[in-house]
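Trainee: My file is query_29.cif. It has mmCIF, C-alpha atoms:
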data_coords
loop_
_atom_site.label_atom_id
_atom_site.label_comp_id
_atom_site.auth_asym_id
_atom_site.auth_seq_id
_atom_site.Cartn_x
_atom_site.Cartn_y
_atom_site.Cartn_z
CA MET A 1 -24.12 -31.03 4.71
CA THR A 2 -23.50 -27.26 4.72
CA ARG A 3 -22.11 -25.89 1.50
CA TYR A 4 -19.98 -22.80 1.53
CA LYS A 5 -19.13 -20.10 -0.94
CA THR A 6 -16.38 -17.54 -0.97
CA ARG A 7 -17.32 -14.11 0.35
CA PRO A 8 -17.95 -11.55 -2.41
CA GLY A 9 -15.26 -8.86 -2.39
CA VAL A 10 -12.48 -11.27 -1.41
CA VAL A 11 -9.94 -12.00 -4.12
CA LEU A 12 -7.24 -14.67 -4.33
CA THR A 13 -4.17 -13.34 -6.05
CA SER A 14 -0.46 -14.03 -6.10
CA ILE A 15 2.49 -11.72 -5.57
CA CYS A 16 5.86 -13.11 -6.61
CA GLY A 17 4.52 -16.64 -6.23
CA GLU A 18 3.04 -15.99 -2.76
CA TYR A 19 -0.71 -16.54 -2.55
CA VAL A 20 -2.74 -13.91 -0.74
CA LEU A 21 -6.43 -13.39 -0.06
CA VAL A 22 -7.24 -9.69 -0.23
CA ALA A 23 -10.56 -8.21 0.90
CA ALA A 24 -12.14 -5.08 -0.55
CA LYS A 25 -12.71 -2.27 1.92
CA SER A 26 -16.47 -2.90 1.99
CA VAL A 27 -15.91 -6.16 3.91
CA TRP A 28 -13.02 -5.13 6.21
CA GLU A 29 -15.35 -5.13 9.22
CA LEU A 30 -16.17 -8.78 8.52
CA CYS A 31 -12.85 -10.36 7.59
CA PRO A 32 -9.11 -9.53 7.50
CA TYR A 33 -7.78 -7.26 4.76
CA VAL A 34 -4.92 -9.63 3.86
CA THR A 35 -4.18 -13.30 4.62
CA GLU A 36 -1.39 -15.33 3.07
CA LEU A 37 -2.30 -18.84 1.89
CA ASN A 38 -0.19 -21.87 1.11
CA GLU A 39 -0.44 -23.57 -2.28
CA THR A 40 -2.95 -26.21 -1.13
CA SER A 41 -5.27 -23.64 0.41
CA ALA A 42 -5.08 -21.51 -2.72
CA PHE A 43 -5.97 -24.58 -4.80
CA LEU A 44 -8.98 -25.32 -2.58
CA TRP A 45 -10.10 -21.67 -2.62
CA GLU A 46 -10.19 -21.69 -6.42
CA HIS A 47 -12.30 -24.86 -6.46
CA LEU A 48 -14.61 -23.52 -3.77
CA ARG A 49 -15.04 -20.36 -5.83
CA GLY A 50 -15.88 -22.60 -8.75
CA GLY A 51 -18.78 -24.11 -6.79
CA ALA A 52 -17.24 -27.30 -5.37
CA ASP A 53 -18.79 -28.86 -2.25
CA LEU A 54 -16.91 -30.88 0.38
CA ASP A 55 -16.82 -34.02 -1.77
CA GLY A 56 -15.77 -32.00 -4.79
CA LEU A 57 -12.93 -30.38 -2.87
CA MET A 58 -11.68 -33.77 -1.65
CA THR A 59 -11.87 -35.28 -5.12
CA ALA A 60 -10.01 -32.34 -6.65
CA LEU A 61 -7.32 -32.53 -3.97
CA ASN A 62 -6.90 -36.28 -4.44
CA GLU A 63 -6.54 -35.87 -8.20
CA GLU A 64 -4.17 -32.93 -8.02
CA TYR A 65 -1.82 -34.38 -5.44
CA GLU A 66 -2.45 -38.11 -6.07
CA LEU A 67 -3.08 -38.80 -2.40
CA ASP A 68 -3.12 -42.47 -1.36
CA ASP A 69 -5.31 -42.09 1.71
CA PRO A 70 -8.74 -40.41 1.30
CA ALA A 71 -8.61 -39.46 4.97
CA THR A 72 -5.66 -37.19 4.24
CA ALA A 73 -7.71 -35.20 1.73
CA ARG A 74 -10.64 -34.94 4.13
CA GLN A 75 -8.39 -33.68 6.93
CA ALA A 76 -6.81 -31.10 4.63
CA VAL A 77 -10.16 -29.89 3.32
CA GLU A 78 -11.69 -29.69 6.78
CA ALA A 79 -8.69 -27.79 8.13
CA PHE A 80 -8.92 -25.36 5.21
CA LEU A 81 -12.64 -24.79 5.71
CA ARG A 82 -12.15 -24.34 9.46
CA GLN A 83 -9.47 -21.70 8.91
CA MET A 84 -11.49 -19.85 6.29
CA LEU A 85 -14.62 -19.91 8.48
CA GLU A 86 -12.68 -18.62 11.49
CA LEU A 87 -11.44 -15.72 9.36
CA ASN A 88 -14.98 -15.21 8.04
CA TYR A 89 -13.97 -15.51 4.40
CA LEU A 90 -16.80 -17.99 3.68
CA LEU A 91 -20.57 -17.79 3.67
CA PRO A 92 -23.02 -20.67 3.96
CA GLU A 93 -24.48 -21.26 0.51
CA GLU A 94 -28.01 -20.57 1.81
CA GLN A 95 -27.11 -16.92 2.50
CA GLY A 96 -26.87 -16.16 -1.19
CA GLU A 97 -25.10 -13.02 -2.32
CA CYS A 98 -26.07 -10.83 0.63
CA HIS A 99 -23.35 -9.41 2.86
CA GLU A 100 -23.73 -9.81 6.59
CA GLU A 101 -24.86 -6.66 8.37
CA MET B 102 -14.89 29.92 -4.55
CA ASN B 103 -15.00 26.32 -3.31
CA GLU B 104 -16.56 25.14 -6.54
CA ARG B 105 -13.44 25.93 -8.53
CA ILE B 106 -11.68 22.93 -9.94
CA TYR B 107 -7.93 22.47 -9.74
CA GLN B 108 -5.71 19.96 -11.48
CA THR B 109 -2.49 18.22 -10.51
CA GLU B 110 -0.36 15.73 -12.41
CA TYR B 111 1.27 12.65 -10.95
CA ALA B 112 3.56 10.62 -13.19
CA GLY B 113 1.93 12.42 -16.11
CA ARG B 114 -1.62 11.50 -15.02
CA ALA B 115 -3.99 14.39 -14.41
CA VAL B 116 -6.21 14.35 -11.32
CA ARG B 117 -8.83 17.05 -10.73
CA TYR B 118 -9.85 18.28 -7.29
CA ARG B 119 -12.79 20.12 -5.86
CA PHE B 120 -11.85 21.59 -2.48
CA LEU B 121 -14.19 21.61 0.50
CA THR B 122 -12.55 24.01 2.93
CA PRO B 123 -11.15 27.46 2.13
CA GLY B 124 -7.38 27.16 2.31
CA ALA B 125 -7.16 23.44 1.52
CA ARG B 126 -5.91 24.28 -1.93
CA ALA B 127 -2.94 26.13 -0.39
CA TRP B 128 -1.46 22.83 0.81
CA PHE B 129 -0.89 21.90 -2.83
CA GLY B 130 1.13 25.06 -3.48
CA PRO B 131 2.42 25.11 -7.06
CA TRP B 132 1.28 21.53 -7.62
CA ALA B 133 -2.33 22.54 -8.35
CA TYR B 134 -3.53 24.94 -11.00
CA ARG B 135 -7.01 26.05 -11.89
CA VAL B 136 -8.79 24.47 -14.84
CA ASP B 137 -11.96 25.63 -16.51
CA CYS B 138 -14.24 22.61 -16.20
CA GLU B 139 -16.95 21.13 -14.01
CA ASP B 140 -15.71 17.55 -13.64
CA TYR B 141 -13.47 16.39 -10.82
CA ASP B 142 -12.00 13.13 -9.55
CA VAL B 143 -11.53 13.91 -5.87
CA PHE B 144 -13.78 15.67 -3.38
CA VAL B 145 -13.65 15.21 0.38
CA THR B 146 -17.26 15.45 1.58
CA PRO B 147 -18.05 16.89 5.05
CA GLU B 148 -18.94 13.37 6.23
CA ARG B 149 -15.65 12.01 4.94
CA LEU B 150 -13.76 14.87 6.59
CA GLN B 151 -15.34 14.07 9.98
CA LEU B 152 -14.60 10.36 9.55
CA ALA B 153 -10.96 11.16 8.71
CA ARG B 154 -10.69 13.41 11.78
CA ASP B 155 -12.12 10.64 14.01
CA LEU B 156 -9.62 8.12 12.59
CA LEU B 157 -6.73 10.54 13.08
CA GLN B 158 -7.67 11.06 16.72
CA GLN B 159 -8.02 7.31 17.28
CA ASP B 160 -4.56 6.81 15.79
CA LEU B 161 -3.06 9.51 18.03
CA GLN B 162 -4.68 7.93 21.11
CA ARG B 163 -3.40 4.48 20.13
CA ARG B 164 0.13 5.89 19.83
CA GLY B 165 -0.18 7.87 23.09
CA LEU B 166 0.32 11.20 21.32
CA PRO B 167 -1.49 14.47 22.13
CA ASP B 168 -4.00 15.88 19.65
CA PRO B 169 -2.22 18.82 17.98
CA GLY B 170 -5.55 20.27 16.85
CA TYR B 171 -5.35 19.61 13.14
CA SER B 172 -7.14 22.18 11.00
CA ASP B 173 -9.92 21.13 8.63
CA GLN B 174 -7.68 22.15 5.73
CA TYR B 175 -4.93 19.81 6.87
CA VAL B 176 -7.32 16.89 7.46
CA GLU B 177 -8.80 17.46 4.00
CA PHE B 178 -5.31 17.52 2.46
CA ARG B 179 -4.37 14.23 4.17
CA THR B 180 -7.63 12.58 3.14
CA GLN B 181 -7.06 13.50 -0.47
CA THR B 182 -4.14 11.05 -0.79
CA GLU B 183 -6.35 8.04 -0.24
CA LEU B 184 -9.00 9.39 -2.61
CA THR B 185 -6.39 10.29 -5.24
CA SER B 186 -5.07 6.71 -5.26
CA HIS B 187 -8.33 5.43 -6.77
CA PRO B 188 -7.97 7.16 -10.15
CA LEU B 189 -4.20 6.56 -10.10
CA ILE B 190 -4.29 2.81 -9.48
CA ARG B 191 -6.18 2.33 -12.75
CA CYS B 192 -3.01 3.62 -14.44
CA GLY B 193 -0.64 1.42 -12.43
CA CYS B 194 0.28 4.19 -9.97
CA CYS B 195 -0.20 4.55 -6.23
CA PHE B 196 1.06 6.60 -3.29
CA PHE B 197 3.54 4.77 -1.08
CA HIS B 198 4.39 5.78 2.49
CA ALA B 199 8.17 6.26 2.36
CA VAL B 200 10.98 8.74 1.99
CA ALA B 201 12.16 8.53 -1.62
CA PHE B 202 15.53 9.89 -2.64
CA LEU B 203 17.75 9.90 -5.71
CA TRP B 204 21.22 8.33 -5.49
CA ARG B 205 23.42 7.16 -8.34
CA GLY B 206 20.66 7.60 -10.90
CA ARG B 207 18.09 5.54 -9.05
CA ALA B 208 15.34 6.11 -6.54
CA TRP B 209 15.56 4.46 -3.12
CA LEU B 210 12.67 4.05 -0.70
CA LEU B 211 12.95 4.19 3.08
CA SER B 212 9.69 2.70 4.26
CA GLY B 213 8.02 1.87 7.57
CA PRO B 214 5.41 3.14 10.00
CA SER B 215 5.33 6.74 11.20
CA GLY B 216 8.03 7.50 13.77
CA VAL B 217 10.33 4.64 12.77
CA GLY B 218 13.08 6.98 11.56
CA LYS B 219 12.67 7.28 7.79
CA SER B 220 13.41 11.01 7.71
CA THR B 221 16.20 10.55 10.28
CA GLN B 222 18.00 8.13 7.97
CA TYR B 223 17.64 10.50 5.04
CA LEU B 224 18.84 13.53 7.02
CA ASN B 225 21.75 11.55 8.51
CA TRP B 226 22.86 10.52 5.02
CA GLN B 227 22.57 14.07 3.73
CA ARG B 228 24.64 15.37 6.65
CA LEU B 229 27.29 12.64 6.42
CA HIS B 230 27.63 12.79 2.63
CA PRO B 231 26.53 16.25 1.50
CA ASP B 232 25.37 16.63 -2.12
CA GLU B 233 25.35 12.87 -2.66
CA ILE B 234 21.57 12.39 -2.52
CA THR B 235 18.55 14.40 -3.61
CA VAL B 236 15.13 14.03 -2.09
CA ILE B 237 12.26 12.97 -4.35
CA CYS B 238 9.51 13.02 -1.75
CA GLY B 239 9.60 12.99 2.05
CA ASP B 240 6.40 11.11 2.83
CA MET B 241 4.24 9.78 0.01
CA PRO B 242 5.92 9.47 -3.39
CA VAL B 243 3.93 8.07 -6.29
CA LEU B 244 5.13 4.69 -7.53
CA GLU B 245 4.45 3.90 -11.16
CA ARG B 246 4.57 0.52 -12.90
CA ARG B 247 5.77 0.89 -16.48
CA ALA B 248 5.17 -1.42 -19.42
CA ASP B 249 8.79 -2.64 -19.35
CA GLY B 250 8.33 -3.89 -15.78
CA SER B 251 10.31 -1.09 -14.16
CA ILE B 252 9.00 0.90 -11.21
CA TRP B 253 9.48 4.66 -11.08
CA ALA B 254 9.24 6.95 -8.07
CA HIS B 255 7.77 10.44 -8.51
CA PRO B 256 7.37 13.42 -6.17
CA SER B 257 4.01 14.41 -4.71
CA PRO B 258 2.64 17.31 -2.64
CA TRP B 259 2.51 15.01 0.41
CA ASN B 260 6.10 15.47 1.51
CA GLY B 261 5.82 15.13 5.30
CA LYS B 262 6.26 17.42 8.25
CA GLU B 263 9.83 18.21 7.24
CA ARG B 264 8.51 19.23 3.79
CA LEU B 265 11.21 17.20 2.01
CA GLY B 266 10.79 17.62 -1.73
CA SER B 267 8.88 19.89 -4.05
CA HIS B 268 7.14 19.91 -7.44
CA ARG B 269 10.61 20.37 -8.94
CA SER B 270 12.01 17.19 -7.37
CA PRO B 271 13.22 14.54 -9.82
CA SER B 272 11.60 11.26 -10.81
CA ALA B 273 13.73 8.12 -11.20
CA PRO B 274 13.59 4.37 -11.74
CA LEU B 275 13.53 2.49 -8.47
CA GLY B 276 16.77 0.95 -7.21
CA GLY B 277 15.59 -0.69 -4.01
CA LEU B 278 13.27 -0.67 -1.03
CA VAL B 279 14.35 -0.61 2.61
CA ILE B 280 11.82 -1.49 5.32
CA LEU B 281 12.81 0.16 8.60
CA GLU B 282 12.22 -0.92 12.15
CA GLN B 283 13.70 0.41 15.36
CA GLY B 284 16.02 -1.74 17.44
CA THR B 285 18.89 -1.71 19.88
CA GLU B 286 21.35 -3.05 17.28
CA ASN B 287 21.98 -2.02 13.68
CA THR B 288 21.42 -4.87 11.23
CA ILE B 289 20.34 -5.04 7.61
CA VAL B 290 19.25 -8.21 5.82
CA PRO B 291 17.77 -8.98 2.39
CA THR B 292 14.06 -9.70 2.62
CA GLY B 293 12.03 -12.07 0.48
CA ALA B 294 8.55 -11.53 -0.87
CA HIS B 295 6.92 -13.55 1.90
CA GLU B 296 8.22 -11.18 4.58
CA ALA B 297 7.84 -7.99 2.55
CA ILE B 298 4.22 -8.46 1.44
CA PRO B 299 2.48 -7.54 4.74
CA SER B 300 4.56 -4.35 4.90
CA LEU B 301 3.65 -3.43 1.32
CA PHE B 302 -0.06 -3.67 2.10
CA ARG B 303 0.43 -1.28 5.02
CA GLN B 304 2.54 1.23 3.08
CA PHE B 305 0.58 1.58 -0.16
CA ILE B 306 -1.97 4.34 0.40
CA LEU B 307 -5.02 2.65 -1.02
CA SER B 308 -8.05 0.94 0.48
CA PRO B 309 -9.26 -1.02 -2.57
CA ASP B 310 -12.98 -0.65 -3.20
CA THR B 311 -13.31 -3.23 -5.94
CA GLU B 312 -11.85 -6.54 -7.07
CA GLN B 313 -10.24 -4.72 -10.00
CA GLU B 314 -8.48 -2.31 -7.63
CA ILE B 315 -7.20 -5.29 -5.61
CA LEU B 316 -5.78 -6.85 -8.78
CA ASP B 317 -4.25 -3.54 -9.91
CA LEU B 318 -2.67 -2.96 -6.49
CA THR B 319 -1.25 -6.48 -6.15
CA SER B 320 0.03 -6.29 -9.73
CA LEU B 321 1.97 -3.16 -8.75
CA MET B 322 3.36 -4.94 -5.67
CA ASP B 323 4.34 -7.95 -7.78
CA ALA B 324 6.17 -5.73 -10.26
CA LEU B 325 7.94 -3.88 -7.45
CA LEU B 326 9.19 -7.07 -5.78
CA ARG B 327 10.37 -8.46 -9.12
CA ALA B 328 12.10 -5.21 -10.14
CA VAL B 329 14.21 -4.34 -7.11
CA PRO B 330 15.82 -5.84 -4.02
CA VAL B 331 14.26 -5.35 -0.60
CA TRP B 332 16.07 -5.08 2.73
CA LYS B 333 14.95 -4.86 6.33
CA LEU B 334 17.00 -2.36 8.34
CA THR B 335 16.79 -2.69 12.10
CA ASN B 336 18.37 0.49 13.41
CA ARG B 337 19.09 2.83 16.26
CA GLY B 338 18.78 5.90 14.05
CA ASP B 339 22.44 6.80 14.60
CA ASP B 340 25.19 7.57 12.09
CA ASP B 341 26.46 3.98 12.15
CA SER B 342 23.08 2.70 10.97
CA THR B 343 23.10 5.15 8.09
CA GLU B 344 26.62 4.10 7.04
CA LEU B 345 25.50 0.47 7.20
CA LEU B 346 22.54 1.34 4.99
CA ARG B 347 24.72 3.21 2.50
CA GLN B 348 27.30 0.45 2.24
CA THR B 349 24.60 -2.18 1.75
CA LEU B 350 22.83 -0.26 -1.00
CA LYS B 351 26.19 0.39 -2.64
CA GLY B 352 26.95 -3.31 -2.78
CA GLY B 353 23.47 -4.54 -3.64
CA SER B 354 22.31 -2.02 -6.15
CA HIS B 355 21.65 -2.90 -9.76
CA ASP B 356 23.91 -1.62 -12.49
CA PRO B 357 23.34 2.07 -13.08
CA LEU B 358 21.27 2.94 -16.12
#
Rewrite the coordinates I just gave you, this time as structure tokens.

Mentor:
Amino acid sequence: MTRYKTRPGVVLTSICGEYVLVAAKSVWELCPYVTELNETSAFLWEHLRGGADLDGLMTALNEEYELDDPATARQAVEAFLRQMLELNYLLPEEQGECHEE
Amino acid sequence: MNERIYQTEYAGRAVRYRFLTPGARAWFGPWAYRVDCEDYDVFVTPERLQLARDLLQQDLQRRGLPDPGYSDQYVEFRTQTELTSHPLIRCGCCFFHAVAFLWRGRAWLLSGPSGVGKSTQYLNWQRLHPDEITVICGDMPVLERRADGSIWAHPSPWNGKERLGSHRSPSAPLGGLVILEQGTENTIVPTGAHEAIPSLFRQFILSPDTEQEILDLTSLMDALLRAVPVWKLTNRGDDDSTELLRQTLKGGSHDPL
């Protein structure tokens, strides 16, 4: 199973309760400068940044939102990862700290 | 001659410049004065100047505008805003692309992309209600976040092609922000944070280099959105749109200080 990590230089922050991912200029050629996130995605981003893998993300989501159906958590996590990968905010864990050239 | 260091203050913060091209200093006028030191905060390198010129030309092409043949001095002056924002953001200050004017003891920002009619709205207001408003800065005022949560608008040398404002222009606590867009009808509506945030990222003149700069910039945005109301004005640029703007700000402004 591929593990992912958040791209260095990308910061999750909140402005008036709205979650936003903001990229430093050094990575603007790789990913968008600004992307707004919903609360669930922001929660998953924080856990991913903390080193969680797919199972860890699902467990955290289940505990936080007390989901009845494990499939719901998996769908949410997979949708989040898909969106973040499409926007290039994530790196496979194997790539280490290096930026893509 | 080029090695001489000049200093300017924004919201009480000193920034030191080393100029690349002869004549670039003239754009600052009375804003910059010579200081006897070797250190500086801002210097536009030749490589940076060329990059800025390339980006300017790309922007003109994208907007279908002819290249007016900007001088090196002018390109250097423009580039200095972005570089000046780096030392300023550490102090909770940043340039913001807007016309800022004083009305009823508060500063008001007319914001939006170039060509949307920011100066037109200001000049309409000034013509319709002479002596009622005073310009703070016509293009890139400095916004400052203060410890009490208020946001202040200050003048800067970057005052636009109409040269609205000077080093003697006033500073004032912010009363509100208006985001302009052109349209066939005149409407103005309050805008929440969700809708205003993308515009703020476009209008603050800073490309954050570090995670700390991102946090400082978003902290300034957060304070701004908490401190003052925001409206979106869709307008034709005519007198009616300016009266609509004036009446709205009159009704929605905070109590005067």

Trainee: Report, in Å to a single decimal, how far apart CA of Ala60 in chain A and CA of Thr13 in chain A are.

Mentor: 19.9 Å

Trainee: Using all atoms listed in the file, I'd like every residue of chain B that has an atom within 12 Å of chain A; please write them out as a PyMOL selection string.

Mentor: chain B and resi 293-303+307-328

Trainee: So the first atom is CA of Leu210 in chain B and the second is CA of Asp339 in chain B; what is the distance between them in Å, to one decimal place?

Mentor: 18.4 Å

Trainee: Evaluate the PyMOL selection byres ((chain A and resi 55) around 12) on the structure here and hand back the selected residues as a PyMOL selection string.

Mentor: chain A and resi 1-3+44+47-48+51-54+56-62+70-71+73-74+77-78

Trainee: Write a file of the just-selected residues containing C-alpha atoms, as a compact mmCIF listing (two decimals), in the frame of the given file.

Mentor:
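Final output, saved to again21.txt:
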# COMPACT_ATOMS: atom_id res chain seq x y z
CA MET A 1 -24.12 -31.03 4.71
CA THR A 2 -23.50 -27.26 4.72
CA ARG A 3 -22.11 -25.89 1.50
CA LEU A 44 -8.98 -25.32 -2.58
CA HIS A 47 -12.30 -24.86 -6.46
CA LEU A 48 -14.61 -23.52 -3.77
CA GLY A 51 -18.78 -24.11 -6.79
CA ALA A 52 -17.24 -27.30 -5.37
CA ASP A 53 -18.79 -28.86 -2.25
CA LEU A 54 -16.91 -30.88 0.38
CA GLY A 56 -15.77 -32.00 -4.79
CA LEU A 57 -12.93 -30.38 -2.87
CA MET A 58 -11.68 -33.77 -1.65
CA THR A 59 -11.87 -35.28 -5.12
CA ALA A 60 -10.01 -32.34 -6.65
CA LEU A 61 -7.32 -32.53 -3.97
CA ASN A 62 -6.90 -36.28 -4.44
CA PRO A 70 -8.74 -40.41 1.30
CA ALA A 71 -8.61 -39.46 4.97
CA ALA A 73 -7.71 -35.20 1.73
CA ARG A 74 -10.64 -34.94 4.13
CA VAL A 77 -10.16 -29.89 3.32
CA GLU A 78 -11.69 -29.69 6.78

Trainee: Need to verify the contact set: range 154-166 of chain B, 9 Å, all atoms listed in the file, exclusion of same-chain residues closer than 5 positions in sequence. Can you return it as JSON, numbers by chain?

Mentor: {"B": [149, 171, 173, 176, 177]}

Trainee: Just how far from CA of Pro188 in chain B is CA of Tyr111 in chain B, in Å to one decimal?

Mentor: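 A separation of 10.8 Å between them.
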
Trainee: Please list as a VMD selection string every residue within 7 Å of Cys31 in chain A, counting only C-alpha atoms and excluding residues in the same chain fewer than 4 positions away.

Mentor: chain A and resid 27 87 to 89

Trainee: Suppose a student applies the PyMOL selection byres ((chain B and resi 244-256) around 10) to this structure; what residues should they get, written as a short mmCIF file (atom, residue, chain, number, x, y, z; two decimals) with C-alpha atoms, keeping the file's coordinate frame?

Mentor:
data_model
loop_
_atom_site.label_atom_id
_atom_site.label_comp_id
_atom_site.auth_asym_id
_atom_site.auth_seq_id
_atom_site.Cartn_x
_atom_site.Cartn_y
_atom_site.Cartn_z
CA TYR B 111 1.27 12.65 -10.95
CA ALA B 112 3.56 10.62 -13.19
CA GLY B 113 1.93 12.42 -16.11
CA LEU B 189 -4.20 6.56 -10.10
CA ILE B 190 -4.29 2.81 -9.48
CA CYS B 192 -3.01 3.62 -14.44
CA GLY B 193 -0.64 1.42 -12.43
CA CYS B 194 0.28 4.19 -9.97
CA CYS B 195 -0.20 4.55 -6.23
CA PHE B 196 1.06 6.60 -3.29
CA PHE B 197 3.54 4.77 -1.08
CA ALA B 201 12.16 8.53 -1.62
CA PHE B 202 15.53 9.89 -2.64
CA LEU B 203 17.75 9.90 -5.71
CA ARG B 207 18.09 5.54 -9.05
CA ALA B 208 15.34 6.11 -6.54
CA TRP B 209 15.56 4.46 -3.12
CA LEU B 210 12.67 4.05 -0.70
CA VAL B 236 15.13 14.03 -2.09
CA ILE B 237 12.26 12.97 -4.35
CA CYS B 238 9.51 13.02 -1.75
CA GLY B 239 9.60 12.99 2.05
CA ASP B 240 6.40 11.11 2.83
CA MET B 241 4.24 9.78 0.01
CA PRO B 242 5.92 9.47 -3.39
CA VAL B 243 3.93 8.07 -6.29
CA SER B 257 4.01 14.41 -4.71
CA PRO B 258 2.64 17.31 -2.64
CA TRP B 259 2.51 15.01 0.41
CA ASN B 260 6.10 15.47 1.51
CA LEU B 265 11.21 17.20 2.01
CA GLY B 266 10.79 17.62 -1.73
CA SER B 267 8.88 19.89 -4.05
CA HIS B 268 7.14 19.91 -7.44
CA ARG B 269 10.61 20.37 -8.94
CA SER B 270 12.01 17.19 -7.37
CA PRO B 271 13.22 14.54 -9.82
CA SER B 272 11.60 11.26 -10.81
CA ALA B 273 13.73 8.12 -11.20
CA PRO B 274 13.59 4.37 -11.74
CA LEU B 275 13.53 2.49 -8.47
CA GLY B 276 16.77 0.95 -7.21
CA GLY B 277 15.59 -0.69 -4.01
CA PHE B 305 0.58 1.58 -0.16
CA SER B 320 0.03 -6.29 -9.73
CA LEU B 321 1.97 -3.16 -8.75
CA MET B 322 3.36 -4.94 -5.67
CA ASP B 323 4.34 -7.95 -7.78
CA ALA B 324 6.17 -5.73 -10.26
CA LEU B 325 7.94 -3.88 -7.45
CA LEU B 326 9.19 -7.07 -5.78
CA ARG B 327 10.37 -8.46 -9.12
CA ALA B 328 12.10 -5.21 -10.14
CA VAL B 329 14.21 -4.34 -7.11
#

Trainee: Using all atoms listed in the file, can you list as a ChimeraX atom specification the residues within 10 Å of (-5.4, 24.1, -12.7)?

Mentor: /B:105-110,115-118,131-138

Trainee: Taking C-alpha atoms for each residue, export the selection above as a tab-separated table (two decimals), keeping the file's coordinate frame.

Mentor:
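out-v3.tsv, written as the output of this step:
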chain	number	residue	atom	x	y	z
B	105	ARG	CA	-13.44	25.93	-8.53
B	106	ILE	CA	-11.68	22.93	-9.94
B	107	TYR	CA	-7.93	22.47	-9.74
B	108	GLN	CA	-5.71	19.96	-11.48
B	109	THR	CA	-2.49	18.22	-10.51
B	110	GLU	CA	-0.36	15.73	-12.41
B	115	ALA	CA	-3.99	14.39	-14.41
B	116	VAL	CA	-6.21	14.35	-11.32
B	117	ARG	CA	-8.83	17.05	-10.73
B	118	TYR	CA	-9.85	18.28	-7.29
B	131	PRO	CA	2.42	25.11	-7.06
B	132	TRP	CA	1.28	21.53	-7.62
B	133	ALA	CA	-2.33	22.54	-8.35
B	134	TYR	CA	-3.53	24.94	-11.00
B	135	ARG	CA	-7.01	26.05	-11.89
B	136	VAL	CA	-8.79	24.47	-14.84
B	137	ASP	CA	-11.96	25.63	-16.51
B	138	CYS	CA	-14.24	22.61	-16.20

Trainee: With the file shown as input, list the residues that the PyMOL selection byres ((chain B and resi 286-291) around 7) selects, as a PyMOL selection string.

Mentor: chain B and resi 284-285+292-293+331-337+342
